[in-house]
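Shown here: structure.json, JSON, C-alpha atoms (C1' of nucleotides).
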```
[["chain", "number", "residue", "atom", "x", "y", "z"],
["A", 1, "MET", "CA", 12.33, -5.75, 2.06],
["A", 2, "ALA", "CA", 10.52, -5.09, -1.19],
["A", 3, "ASN", "CA", 7.02, -5.13, 0.25],
["A", 4, "SER", "CA", 7.57, -2.41, 2.78],
["A", 5, "VAL", "CA", 9.59, -0.22, 0.42],
["A", 6, "PHE", "CA", 6.99, -0.21, -2.33],
["A", 7, "SER", "CA", 4.15, 0.21, 0.14],
["A", 8, "ALA", "CA", 5.99, 3.15, 1.66],
["A", 9, "LEU", "CA", 6.41, 4.71, -1.76],
["A", 10, "GLY", "CA", 2.65, 4.37, -2.27],
["A", 11, "HIS", "CA", 1.94, 7.47, -0.21],
["A", 12, "PRO", "CA", 2.71, 10.86, -1.79],
["A", 13, "LEU", "CA", 3.74, 12.49, 1.47],
["A", 14, "ARG", "CA", 6.37, 9.84, 1.98],
["A", 15, "ARG", "CA", 7.74, 10.28, -1.51],
["A", 16, "GLN", "CA", 7.96, 14.00, -0.84],
["A", 17, "VAL", "CA", 9.83, 13.36, 2.38],
["A", 18, "MET", "CA", 12.36, 11.33, 0.42],
["A", 19, "ALA", "CA", 12.62, 14.13, -2.14],
["A", 20, "LEU", "CA", 13.28, 16.65, 0.63],
["A", 21, "LEU", "CA", 15.90, 14.46, 2.26],
["A", 22, "ARG", "CA", 17.64, 14.04, -1.05],
["A", 23, "LYS", "CA", 18.99, 17.57, -0.55],
["A", 24, "GLY", "CA", 20.40, 16.84, 2.89],
["A", 25, "PRO", "CA", 19.39, 15.70, 6.38],
["A", 26, "LYS", "CA", 16.49, 17.37, 8.16],
["A", 27, "THR", "CA", 14.95, 17.27, 11.62],
["A", 28, "SER", "CA", 11.46, 15.95, 12.28],
["A", 29, "GLY", "CA", 10.37, 19.52, 13.01],
["A", 30, "GLU", "CA", 11.64, 20.82, 9.71],
["A", 31, "LEU", "CA", 9.90, 18.01, 7.90],
["A", 32, "ALA", "CA", 6.66, 18.49, 9.85],
["A", 33, "GLU", "CA", 6.62, 22.19, 8.94],
["A", 34, "ALA", "CA", 7.01, 21.43, 5.27],
["A", 35, "PHE", "CA", 3.63, 19.70, 5.17],
["A", 36, "ASP", "CA", 0.06, 20.57, 5.95],
["A", 37, "ALA", "CA", -0.41, 17.45, 8.04],
["A", 38, "SER", "CA", -0.11, 17.53, 11.81],
["A", 39, "TRP", "CA", 3.20, 16.77, 13.44],
["A", 40, "PRO", "CA", 2.13, 13.34, 14.74],
["A", 41, "THR", "CA", 0.90, 12.41, 11.29],
["A", 42, "VAL", "CA", 4.24, 13.31, 9.71],
["A", 43, "SER", "CA", 6.01, 11.50, 12.52],
["A", 44, "ARG", "CA", 4.12, 8.32, 11.77],
["A", 45, "HIS", "CA", 5.01, 8.54, 8.10],
["A", 46, "LEU", "CA", 8.63, 8.93, 9.11],
["A", 47, "ASN", "CA", 8.33, 5.79, 11.13],
["A", 48, "VAL", "CA", 6.98, 3.91, 8.13],
["A", 49, "LEU", "CA", 10.00, 5.05, 6.13],
["A", 50, "LYS", "CA", 12.31, 4.03, 8.94],
["A", 51, "GLU", "CA", 10.72, 0.58, 9.19],
["A", 52, "ALA", "CA", 11.35, 0.18, 5.48],
["A", 53, "ASP", "CA", 14.95, 1.19, 6.09],
["A", 54, "MET", "CA", 14.57, 4.09, 3.69],
["A", 55, "ILE", "CA", 15.73, 6.67, 6.23],
["A", 56, "THR", "CA", 17.91, 6.69, 9.33],
["A", 57, "ALA", "CA", 17.29, 8.68, 12.50],
["A", 58, "GLU", "CA", 20.03, 10.15, 14.67],
["A", 59, "ARG", "CA", 19.56, 12.12, 17.86],
["A", 60, "GLN", "CA", 21.23, 15.52, 17.61],
["A", 61, "GLY", "CA", 20.83, 17.30, 20.94],
["A", 62, "THR", "CA", 17.16, 18.12, 21.34],
["A", 63, "SER", "CA", 16.27, 17.27, 17.75],
["A", 64, "ILE", "CA", 16.39, 14.14, 15.65],
["A", 65, "LEU", "CA", 18.09, 14.22, 12.28],
["A", 66, "TYR", "CA", 16.73, 12.15, 9.43],
["A", 67, "ARG", "CA", 18.79, 11.07, 6.45],
["A", 68, "ALA", "CA", 17.76, 9.29, 3.27],
["A", 69, "ASN", "CA", 19.16, 5.82, 2.72],
["A", 70, "THR", "CA", 19.61, 5.95, -1.02],
["A", 71, "SER", "CA", 20.83, 2.41, -1.47],
["A", 72, "VAL", "CA", 17.40, 1.00, -0.63],
["A", 73, "LEU", "CA", 15.85, 3.14, -3.33],
["A", 74, "GLU", "CA", 18.50, 2.05, -5.78],
["A", 75, "ASP", "CA", 17.62, -1.56, -5.02],
["A", 76, "ALA", "CA", 13.93, -0.82, -5.47],
["A", 77, "ALA", "CA", 14.51, 0.76, -8.86],
["A", 78, "ALA", "CA", 16.69, -2.17, -9.86],
["A", 79, "SER", "CA", 14.04, -4.68, -8.84],
["A", 80, "ILE", "CA", 11.46, -2.88, -10.97],
["A", 81, "LEU", "CA", 13.78, -2.98, -13.93],
["A", 82, "ALA", "CA", 14.37, -6.67, -13.28],
["A", 83, "LEU", "CA", 10.62, -7.14, -13.63],
["A", 84, "ILE", "CA", 10.75, -5.95, -17.22],
["A", 85, "GLY", "CA", 14.25, -7.14, -18.12],
["A", 86, "GLN", "CA", 14.83, -9.73, -20.81],
["A", 87, "ASP", "CA", 17.12, -11.95, -18.75],
["A", 88, "ASN", "CA", 15.19, -15.18, -18.42],
["A", 89, "GLY", "CA", 14.30, -16.36, -14.95],
["A", 90, "ASP", "CA", 12.61, -19.54, -16.09],
["A", 91, "ASP", "CA", 10.28, -20.71, -13.38],
["A", 92, "ASP", "CA", 6.58, -20.34, -13.80],
["A", 93, "ASP", "CA", 5.05, -21.56, -10.60],
["A", 94, "TYR", "CA", 4.66, -19.26, -7.65],
["A", 95, "LYS", "CA", 2.50, -21.56, -5.55],
["A", 96, "GLU", "CA", 3.60, -21.41, -1.91],
["A", 97, "ALA", "CA", 6.08, -18.73, -2.85],
["A", 98, "ALA", "CA", 4.01, -15.72, -1.74],
["A", 99, "GLU", "CA", 5.06, -14.28, 1.60],
["B", 1, "MET", "CA", -0.29, 7.58, -11.55],
["B", 2, "ALA", "CA", 2.55, 7.06, -9.10],
["B", 3, "ASN", "CA", 0.36, 6.28, -6.10],
["B", 4, "SER", "CA", -1.46, 3.37, -7.65],
["B", 5, "VAL", "CA", 1.63, 1.92, -9.32],
["B", 6, "PHE", "CA", 3.70, 1.83, -6.15],
["B", 7, "SER", "CA", 0.78, 0.59, -4.07],
["B", 8, "ALA", "CA", 0.24, -2.16, -6.62],
["B", 9, "LEU", "CA", 3.90, -3.14, -6.40],
["B", 10, "GLY", "CA", 3.49, -3.38, -2.62],
["B", 11, "HIS", "CA", 1.92, -6.83, -2.86],
["B", 12, "PRO", "CA", 4.19, -9.78, -3.68],
["B", 13, "LEU", "CA", 1.57, -11.64, -5.68],
["B", 14, "ARG", "CA", 1.19, -8.66, -7.97],
["B", 15, "ARG", "CA", 4.94, -8.36, -8.51],
["B", 16, "GLN", "CA", 4.99, -12.05, -9.36],
["B", 17, "VAL", "CA", 2.20, -11.56, -11.87],
["B", 18, "MET", "CA", 4.28, -8.86, -13.53],
["B", 19, "ALA", "CA", 7.28, -11.18, -13.54],
["B", 20, "LEU", "CA", 5.22, -13.92, -15.20],
["B", 21, "LEU", "CA", 3.83, -11.57, -17.82],
["B", 22, "ARG", "CA", 7.34, -10.41, -18.64],
["B", 23, "LYS", "CA", 7.74, -13.68, -20.52],
["B", 24, "GLY", "CA", 4.63, -13.20, -22.61],
["B", 25, "PRO", "CA", 0.85, -12.75, -22.33],
["B", 26, "LYS", "CA", -1.19, -15.15, -20.21],
["B", 27, "THR", "CA", -4.86, -15.79, -19.56],
["B", 28, "SER", "CA", -6.51, -15.18, -16.22],
["B", 29, "GLY", "CA", -6.82, -18.93, -15.80],
["B", 30, "GLU", "CA", -3.13, -19.56, -16.39],
["B", 31, "LEU", "CA", -2.27, -16.85, -13.91],
["B", 32, "ALA", "CA", -4.77, -18.14, -11.35],
["B", 33, "GLU", "CA", -3.26, -21.61, -11.56],
["B", 34, "ALA", "CA", 0.21, -20.30, -10.92],
["B", 35, "PHE", "CA", -0.76, -19.17, -7.42],
["B", 36, "ASP", "CA", -2.16, -20.69, -4.29],
["B", 37, "ALA", "CA", -4.81, -18.02, -3.95],
["B", 38, "SER", "CA", -8.36, -18.57, -5.16],
["B", 39, "TRP", "CA", -9.30, -17.53, -8.63],
["B", 40, "PRO", "CA", -11.41, -14.56, -7.51],
["B", 41, "THR", "CA", -8.53, -13.36, -5.36],
["B", 42, "VAL", "CA", -6.11, -13.46, -8.29],
["B", 43, "SER", "CA", -8.74, -11.81, -10.46],
["B", 44, "ARG", "CA", -9.00, -8.90, -8.05],
["B", 45, "HIS", "CA", -5.24, -8.46, -8.00],
["B", 46, "LEU", "CA", -5.31, -8.39, -11.79],
["B", 47, "ASN", "CA", -7.89, -5.65, -11.58],
["B", 48, "VAL", "CA", -5.63, -3.62, -9.28],
["B", 49, "LEU", "CA", -2.85, -3.94, -11.84],
["B", 50, "LYS", "CA", -5.21, -2.94, -14.63],
["B", 51, "GLU", "CA", -6.41, 0.12, -12.69],
["B", 52, "ALA", "CA", -2.76, 1.12, -12.31],
["B", 53, "ASP", "CA", -2.39, 0.69, -16.08],
["B", 54, "MET", "CA", 0.35, -1.88, -15.51],
["B", 55, "ILE", "CA", -1.39, -4.55, -17.60],
["B", 56, "THR", "CA", -3.89, -4.63, -20.44],
["B", 57, "ALA", "CA", -6.71, -7.14, -20.88],
["B", 58, "GLU", "CA", -7.96, -8.41, -24.22],
["B", 59, "ARG", "CA", -10.75, -10.86, -24.81],
["B", 60, "GLN", "CA", -9.54, -13.86, -26.82],
["B", 61, "GLY", "CA", -12.51, -16.12, -27.50],
["B", 62, "THR", "CA", -13.49, -17.65, -24.22],
["B", 63, "SER", "CA", -10.43, -16.44, -22.34],
["B", 64, "ILE", "CA", -8.97, -13.07, -21.50],
["B", 65, "LEU", "CA", -5.35, -12.37, -22.34],
["B", 66, "TYR", "CA", -3.28, -10.17, -20.05],
["B", 67, "ARG", "CA", -0.17, -8.34, -21.16],
["B", 68, "ALA", "CA", 2.35, -6.33, -19.15],
["B", 69, "ASN", "CA", 2.59, -2.63, -19.90],
["B", 70, "THR", "CA", 6.30, -2.16, -19.40],
["B", 71, "SER", "CA", 6.37, 1.58, -19.99],
["B", 72, "VAL", "CA", 4.57, 2.23, -16.71],
["B", 73, "LEU", "CA", 7.21, 0.25, -14.85],
["B", 74, "GLU", "CA", 9.95, 2.12, -16.66],
["B", 75, "ASP", "CA", 8.40, 5.37, -15.50],
["B", 76, "ALA", "CA", 8.15, 4.07, -11.93],
["B", 77, "ALA", "CA", 11.80, 3.10, -11.88],
["B", 78, "ALA", "CA", 12.73, 6.48, -13.32],
["B", 79, "SER", "CA", 10.73, 8.32, -10.68],
["B", 80, "ILE", "CA", 12.50, 6.41, -7.92],
["B", 81, "LEU", "CA", 15.86, 7.30, -9.42],
["B", 82, "ALA", "CA", 14.73, 10.92, -9.62],
["B", 83, "LEU", "CA", 14.14, 10.76, -5.87],
["B", 84, "ILE", "CA", 17.82, 10.13, -5.29],
["B", 85, "GLY", "CA", 19.25, 12.05, -8.23],
["B", 86, "GLN", "CA", 21.57, 14.99, -7.70],
["B", 87, "ASP", "CA", 19.78, 17.36, -10.04],
["B", 88, "ASN", "CA", 18.49, 20.14, -7.84],
["B", 89, "GLY", "CA", 14.76, 20.63, -7.72],
["B", 90, "ASP", "CA", 14.88, 23.63, -5.40],
["B", 91, "ASP", "CA", 11.56, 23.91, -3.70],
["B", 92, "ASP", "CA", 11.16, 22.96, -0.11],
["B", 93, "ASP", "CA", 7.52, 23.48, 0.70],
["B", 94, "TYR", "CA", 5.01, 20.74, 0.04],
["B", 95, "LYS", "CA", 2.11, 22.32, 1.91],
["B", 96, "GLU", "CA", -1.13, 21.86, -0.04],
["B", 97, "ALA", "CA", 0.76, 19.76, -2.52],
["B", 98, "ALA", "CA", -0.21, 16.36, -1.13],
["B", 99, "GLU", "CA", -3.03, 14.63, -3.02],
["C", 1, "DA", "C1'", 13.80, 20.60, 40.63],
["C", 2, "DT", "C1'", 11.29, 22.95, 37.08],
["C", 3, "DC", "C1'", 10.12, 24.51, 32.67],
["C", 4, "DA", "C1'", 9.83, 24.69, 27.67],
["C", 5, "DA", "C1'", 10.61, 22.63, 23.26],
["C", 6, "DA", "C1'", 11.00, 18.45, 20.23],
["C", 7, "DA", "C1'", 9.14, 14.37, 19.04],
["C", 8, "DT", "C1'", 6.70, 10.11, 19.71],
["C", 9, "DT", "C1'", 3.01, 7.18, 21.49],
["C", 10, "DA", "C1'", -1.92, 6.33, 22.69],
["C", 11, "DG", "C1'", -6.39, 6.20, 21.43],
["C", 12, "DC", "C1'", -10.36, 7.03, 18.35],
["C", 13, "DG", "C1'", -13.15, 6.93, 14.00],
["C", 14, "DG", "C1'", -13.39, 6.19, 9.32],
["C", 15, "DT", "C1'", -11.95, 4.20, 5.24],
["C", 16, "DC", "C1'", -9.67, 0.80, 2.40],
["C", 17, "DA", "C1'", -7.14, -3.62, 1.26],
["C", 18, "DA", "C1'", -7.17, -8.76, 1.26],
["C", 19, "DG", "C1'", -8.97, -13.20, 1.62],
["C", 20, "DC", "C1'", -12.70, -16.47, 1.17],
["C", 21, "DT", "C1'", -17.26, -18.72, -0.78],
["C", 22, "DA", "C1'", -21.23, -18.25, -3.47],
["C", 23, "DA", "C1'", -23.63, -16.20, -7.21],
["C", 24, "DT", "C1'", -23.56, -14.19, -11.76],
["C", 25, "DT", "C1'", -22.19, -12.97, -16.49],
["C", 26, "DA", "C1'", -20.02, -14.29, -21.16],
["C", 27, "DA", "C1'", -18.78, -17.39, -24.82],
["C", 28, "DG", "C1'", -18.70, -21.51, -27.14],
["C", 29, "DA", "C1'", -20.24, -26.50, -27.78],
["C", 30, "DA", "C1'", -23.79, -29.96, -28.11],
["D", 1, "DT", "C1'", -32.00, -24.14, -25.77],
["D", 2, "DT", "C1'", -28.95, -26.22, -22.60],
["D", 3, "DC", "C1'", -24.61, -27.25, -20.63],
["D", 4, "DT", "C1'", -19.74, -26.41, -19.56],
["D", 5, "DT", "C1'", -15.84, -23.59, -18.90],
["D", 6, "DA", "C1'", -13.76, -18.94, -18.06],
["D", 7, "DA", "C1'", -13.83, -15.10, -15.42],
["D", 8, "DT", "C1'", -15.79, -11.45, -12.74],
["D", 9, "DT", "C1'", -18.90, -9.45, -9.30],
["D", 10, "DA", "C1'", -21.25, -9.62, -4.82],
["D", 11, "DG", "C1'", -21.18, -10.07, -0.03],
["D", 12, "DC", "C1'", -18.77, -10.74, 4.13],
["D", 13, "DT", "C1'", -15.04, -10.56, 7.72],
["D", 14, "DT", "C1'", -10.64, -9.28, 9.33],
["D", 15, "DG", "C1'", -6.93, -6.46, 9.74],
["D", 16, "DA", "C1'", -4.26, -2.54, 8.30],
["D", 17, "DC", "C1'", -3.81, 2.44, 7.12],
["D", 18, "DC", "C1'", -4.67, 7.48, 7.72],
["D", 19, "DG", "C1'", -5.79, 11.53, 9.99],
["D", 20, "DC", "C1'", -6.73, 13.97, 14.10],
["D", 21, "DT", "C1'", -6.26, 15.54, 19.30],
["D", 22, "DA", "C1'", -4.44, 14.60, 23.73],
["D", 23, "DA", "C1'", -1.04, 12.66, 26.60],
["D", 24, "DT", "C1'", 3.67, 11.13, 27.38],
["D", 25, "DT", "C1'", 8.62, 10.91, 26.86],
["D", 26, "DT", "C1'", 13.11, 13.01, 26.21],
["D", 27, "DT", "C1'", 16.47, 16.59, 26.18],
["D", 28, "DG", "C1'", 18.47, 20.81, 27.45],
["D", 29, "DA", "C1'", 18.18, 25.26, 29.87],
["D", 30, "DT", "C1'", 17.26, 27.97, 34.10]]
```
Full structure transcribed into structure tokens:
Amino acid sequence: MANSVFSALGHPLRRQVMALLRKGPKTSGELAEAFDASWPTVSRHLNVLKEADMITAERQGTSILYRANTSVLEDAAASILALIGQDNGDDDDYKEAAE
Amino acid sequence: MANSVFSALGHPLRRQVMALLRKGPKTSGELAEAFDASWPTVSRHLNVLKEADMITAERQGTSILYRANTSVLEDAAASILALIGQDNGDDDDYKEAAE
DNA sequence: ATCAAAATTAGCGGTCAAGCTAATTAAGAA
DNA sequence: TTCTTAATTAGCTTGACCGCTAATTTTGAT
């Protein structure tokens, strides 16, 4: 969902995780070592990304492999562009519409 | 900056404000009436958007006109696409890089 | 069964976001 | 000046987020 994806992107560490995963899957340990933050802290950020469906986790023996889910990011970019597109969505009243 | 833009997009009311402003400038009052939230609440959301440089405010007599700043959203969309692009940014170590 | 490594969960303290009502500023009209 | 309307700021409460250390789970090896 849009809320969780944009909120997840709001933290620089999480954007950097996505940038790292762009180049291929990585284990939690590899990701944790790439940052100054403690391992539990990185792990929690990974969980935020997973909740937003931006990454997938797969057990690989003793480690867990994370992969980026690029389609969610494509959708996010598209929804931003829709916000500034000229195609007219002509309703003006958002009362009761907020989640 | 990326942090504030994505965080701002994390709230549905703020995305809806941007969607409304896509169709032309509006006063704070017009925006406040479009939502269920109280006027002060909407006003604070507008301030978040302004801090993120996503809108501009201009006094117009007794009202204040808000306009969308589309270039910031274009940049945001581009930076998401960069996160999933194939062009190789070959550094793997984000230690000390987090803000 | 035991041990070590990988990773998450629990728990704590501090800060920040979100909503409201009430009070205050700013501008224009009478 | 005084009054009304537009909008923000102030103050408060609630809940979420962020970082850490310590404890727990899970897997695989001995």
**Request:** Using only C-alpha atoms (C1' of nucleotides), pick whichever of D:DT2, D:DT21, D:DT9, D:DT14 has the shortest atom-to-atom distance to DC12 (chain C).
**Result:** D:DT21
**Request:** Quote the spacing between CA of Asn69 (chain B) and CA of Met18 (chain A) in Å to one decimal place.
**Result:** 26.5 Å
**Request:** Taking only C-alpha atoms (C1' of nucleotides) into account, report as an MDAnalysis selection string which residues of chain A lie within 8 Å of chain D.
**Result:** chainID A and resid 38 41 61:62
Store the residues picked out above, limited to C-alpha atoms, as a short mmCIF file (atom, residue, chain, number, x, y, z; two decimals), keeping the file's coordinate frame.
```cif
data_model
loop_
_atom_site.label_atom_id
_atom_site.label_comp_id
_atom_site.auth_asym_id
_atom_site.auth_seq_id
_atom_site.Cartn_x
_atom_site.Cartn_y
_atom_site.Cartn_z
CA SER A 38 -0.11 17.53 11.81
CA THR A 41 0.90 12.41 11.29
CA GLY A 61 20.83 17.30 20.94
CA THR A 62 17.16 18.12 21.34
#
```
Go through chain A residue by residue and, counting all atoms listed in the file, keep those with an atom at most 6 Å from chain B; for each kept residue give the shortest atom pair and its distance in Å to one decimal, ordered by chain and increasing number, as CSV.
```
residue,atom,partner,partner_atom,distance
A:Asn3,CA,B:Gly10,CA,4.9
A:Phe6,CA,B:Gly10,CA,4.7
A:Ser7,CA,B:Gly10,CA,4.6
A:Leu9,CA,B:Phe6,CA,5.9
A:Gly10,CA,B:Ser7,CA,4.6
A:Ala19,CA,B:Leu83,CA,5.3
A:Arg22,CA,B:Ile84,CA,5.8
A:Ala34,CA,B:Asp93,CA,5.0
A:Phe35,CA,B:Lys95,CA,4.4
A:Asp36,CA,B:Lys95,CA,4.9
A:Ala77,CA,B:Ala77,CA,4.7
A:Leu83,CA,B:Ala19,CA,5.2
A:Ile84,CA,B:Arg22,CA,5.8
A:Asp93,CA,B:Ala34,CA,5.0
A:Tyr94,CA,B:Phe35,CA,5.4
A:Lys95,CA,B:Phe35,CA,4.5
```
What are the nearest atom pairs, with distances in Å to one decimal, for all residues of chain C that come at most 9 Å from chain B, using all atoms listed in the file, set out by chain and rising residue number as CSV?
```
residue,atom,partner,partner_atom,distance
C:DA18,C1',B:Thr41,CA,8.2
C:DG19,C1',B:Thr41,CA,7.0
C:DC20,C1',B:Ser38,CA,8.0
C:DA26,C1',B:Thr62,CA,8.0
C:DA27,C1',B:Thr62,CA,5.3
C:DG28,C1',B:Thr62,CA,7.1
```
**Complete:** The distance between CA of Leu46 (chain B) and C1' of DT15 (chain C) is 22.2 Å
**Two-atom distance - CA of Gly29 (chain A), C1' of DA1 (chain C) (Å)** =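 A separation of 27.9 Å between them.
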